[in-house]
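Engineer: Dropping the structure in here first, questions after.
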Amino acid sequence: MAISAEFDAGLPWQRSRSVALRPEPFGALVYSFSTRKLSFLKSRQLVDVVQALAEHPTAAATLTACGVSDAQRPAYLKALADLARSAMIEVRPCA
C-alpha cells in the first residue's frame with residue numbers, strides 16, 4: 001500500500017536542514033525557518049524517529065530501530081509522509 005507519492009520509506013531521509021526541533025512533554029515542536037511553519041509531534045517515539053532518520057539507511061529501518069510495532073507502522077508512515085509534504089523532513093543526499 002502506497003502512503004504518499006512524495007514519501008518512500010525505502011529511501012534515506014533526514015530532518016530538513018532548516019528545521020529546528022524542540023522537545024516538549026507531549027512530544028516536540030518542529031519549526032521550519034524556510035517556510036515559517038510550526039508543527040507538533042505528539043509522541044516521544046515519533047520525536048525519536050525523526051531525530052534518528054539520518055542514522056539509518058531508510059525510513060523503514062529507522063522505524064524498526066526505534067521499536068515502532070507493525071500495528072503502529074501505518075500511523076508512523078502517515079506522520080512521516082505529512083512531515084515530508086510540509087518539508088520538515090527531506091530525502092538525504094547519497095554520499
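As shown in the C-alpha cells, the chain order sets the letters A, B, ...; within each chain, residues go from 1, and ligands are also counted from 1 in the order they appear.
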Quick one: pick out all strand (DSSP E) residues within chain A from a backbone DSSP run and write them as a list in words.
Structural biologist: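 Of chain A, the ones in strand (DSSP E) are Trp13, Gln14, Arg15, Val19, Ala20, Leu21, Arg22, Pro23, Glu24, Gly27, Ala28, Leu29, Val30, Tyr31, Ser32, Leu38, Ser39, Phe40, Leu41, Ile89, Glu90 and Val91 of chain A.
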Engineer: Residues within 12 Å of A:Ser18, please, as JSON, numbers by chain. Count only C-alpha atoms; anything in the same chain fewer than 4 positions from it doesn't count.
Structural biologist: {"A": [14, 30, 31, 32, 33, 34, 35, 36, 37, 87, 88, 89, 90]}
Engineer: Output N, CA, C and O atoms for every residue in the selection just made, as a compact mmCIF listing (two decimals), in the first residue's frame.
Structural biologist:
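This went into again_13.txt:
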# COMPACT_ATOMS: atom_id res chain seq x y z
N GLN A 14 16.07 12.53 6.30
CA GLN A 14 16.66 13.28 7.41
C GLN A 14 15.75 14.45 7.73
O GLN A 14 14.93 14.85 6.90
N VAL A 30 8.15 21.49 16.09
CA VAL A 30 9.03 21.46 14.93
C VAL A 30 8.79 22.74 14.15
O VAL A 30 7.65 23.03 13.77
N TYR A 31 9.85 23.50 13.93
CA TYR A 31 9.72 24.79 13.24
C TYR A 31 10.64 24.83 12.03
O TYR A 31 11.82 24.52 12.14
N SER A 32 10.08 25.22 10.89
CA SER A 32 10.87 25.38 9.67
C SER A 32 11.21 26.86 9.49
O SER A 32 10.30 27.69 9.36
N PHE A 33 12.48 27.18 9.48
CA PHE A 33 12.91 28.55 9.28
C PHE A 33 12.72 28.99 7.83
O PHE A 33 12.62 30.18 7.55
N SER A 34 12.65 28.05 6.89
CA SER A 34 12.46 28.42 5.49
C SER A 34 10.99 28.67 5.15
O SER A 34 10.68 29.60 4.40
N THR A 35 10.08 27.87 5.71
CA THR A 35 8.66 28.06 5.40
C THR A 35 7.92 28.79 6.51
O THR A 35 6.76 29.16 6.32
N ARG A 36 8.56 28.94 7.67
CA ARG A 36 7.97 29.56 8.85
C ARG A 36 6.75 28.79 9.36
O ARG A 36 5.85 29.35 9.95
N LYS A 37 6.76 27.49 9.11
CA LYS A 37 5.67 26.63 9.54
C LYS A 37 6.03 25.95 10.86
O LYS A 37 7.15 25.50 11.05
N ALA A 87 7.77 19.68 4.15
CA ALA A 87 9.20 19.96 4.05
C ALA A 87 9.91 19.99 5.40
O ALA A 87 10.94 20.62 5.56
N MET A 88 9.36 19.27 6.38
CA MET A 88 10.02 19.16 7.68
C MET A 88 11.11 18.08 7.65
O MET A 88 12.07 18.14 8.40
N ILE A 89 10.91 17.07 6.79
CA ILE A 89 11.95 16.08 6.54
C ILE A 89 12.19 16.05 5.04
O ILE A 89 11.33 16.46 4.25
N GLU A 90 13.37 15.59 4.65
CA GLU A 90 13.75 15.57 3.24
C GLU A 90 14.56 14.32 2.95
O GLU A 90 15.14 13.72 3.86
Engineer: Just the helix (DSSP H, G or I) stuff from chain A, please, per backbone DSSP, written as JSON, numbers by chain.
Structural biologist: {"A": [44, 45, 46, 47, 48, 49, 50, 51, 52, 53, 54, 55, 59, 60, 61, 62, 63, 64, 65, 73, 74, 75, 76, 77, 78, 79, 80, 81, 82, 83, 84, 85]}
Engineer: Which residues are near A:Thr64? Cut-off 12 Å, only C-alpha atoms, ignore same chain within fewer than 5 positions. Put them as a PyMOL selection string.
Structural biologist: chain A and resi 9+45+48-49+52-53+56-59+69-70+72-73+76-77
Engineer: To one decimal in Å, tell me the separation between atom CA of A:Gly67 and atom CA of A:Phe7.
Structural biologist: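 Distance between the two atoms: 20.3 Å.
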Engineer: So how far away is atom CA of A:Glu24 from atom CA of A:Gly10, in Å?
Structural biologist: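 Answer for the atom CA of A:Gly10 to atom CA of A:Glu24 separation: 29.1 Å.
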Engineer: Please measure the separation of atom CA of A:Ala54 and atom CA of A:Trp13, giving the value in Å to one decimal.
Structural biologist: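 Spanning atom CA of A:Ala54 to atom CA of A:Trp13 is a straight-line distance of 6.1 Å.
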Engineer: Go through A:Val68, A:Ala61, A:Val19, A:Leu83 one by one, measure the shortest atom-to-atom distance of each to A:Arg44 using only C-alpha atoms, and give the residue with the smallest value.
Structural biologist: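 Counting only C-alpha atoms, the residue closest to A:Arg44 is A:Val68.
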Engineer: Would you kindly return, as a tab-separated table (two decimals) with all heavy atoms, in the first residue's frame, each protein, DNA or RNA residue with an atom no farther than 7 Å from any atom of A:Lys42, considering only C-alpha atoms and excluding same-chain residues fewer than 4 positions away?
Structural biologist:
chain	number	residue	atom	x	y	z
A	26	PHE	N	4.81	16.71	25.67
A	26	PHE	CA	3.87	15.98	24.81
A	26	PHE	C	4.54	15.36	23.59
A	26	PHE	O	3.93	14.56	22.89
A	26	PHE	CB	2.75	16.91	24.32
A	26	PHE	CG	3.25	18.09	23.54
A	26	PHE	CD1	3.55	17.97	22.19
A	26	PHE	CD2	3.44	19.31	24.15
A	26	PHE	CE1	4.03	19.06	21.46
A	26	PHE	CE2	3.91	20.41	23.44
A	26	PHE	CZ	4.20	20.27	22.09
A	27	GLY	N	5.78	15.72	23.30
A	27	GLY	CA	6.47	15.27	22.10
A	27	GLY	C	7.50	16.31	21.70
A	27	GLY	O	8.57	16.38	22.29
A	28	ALA	N	7.14	17.16	20.70
A	28	ALA	CA	8.07	18.22	20.30
A	28	ALA	C	7.38	19.25	19.42
A	28	ALA	O	6.39	18.95	18.74
A	28	ALA	CB	9.26	17.64	19.56
Engineer: Would you mind telling me which residue in A:Leu46, A:Leu41, A:Ala75, A:Cys94 lies nearest to A:Thr62 when using only C-alpha atoms?
Structural biologist: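 Of all the options, A:Leu46 lies closest to A:Thr62.
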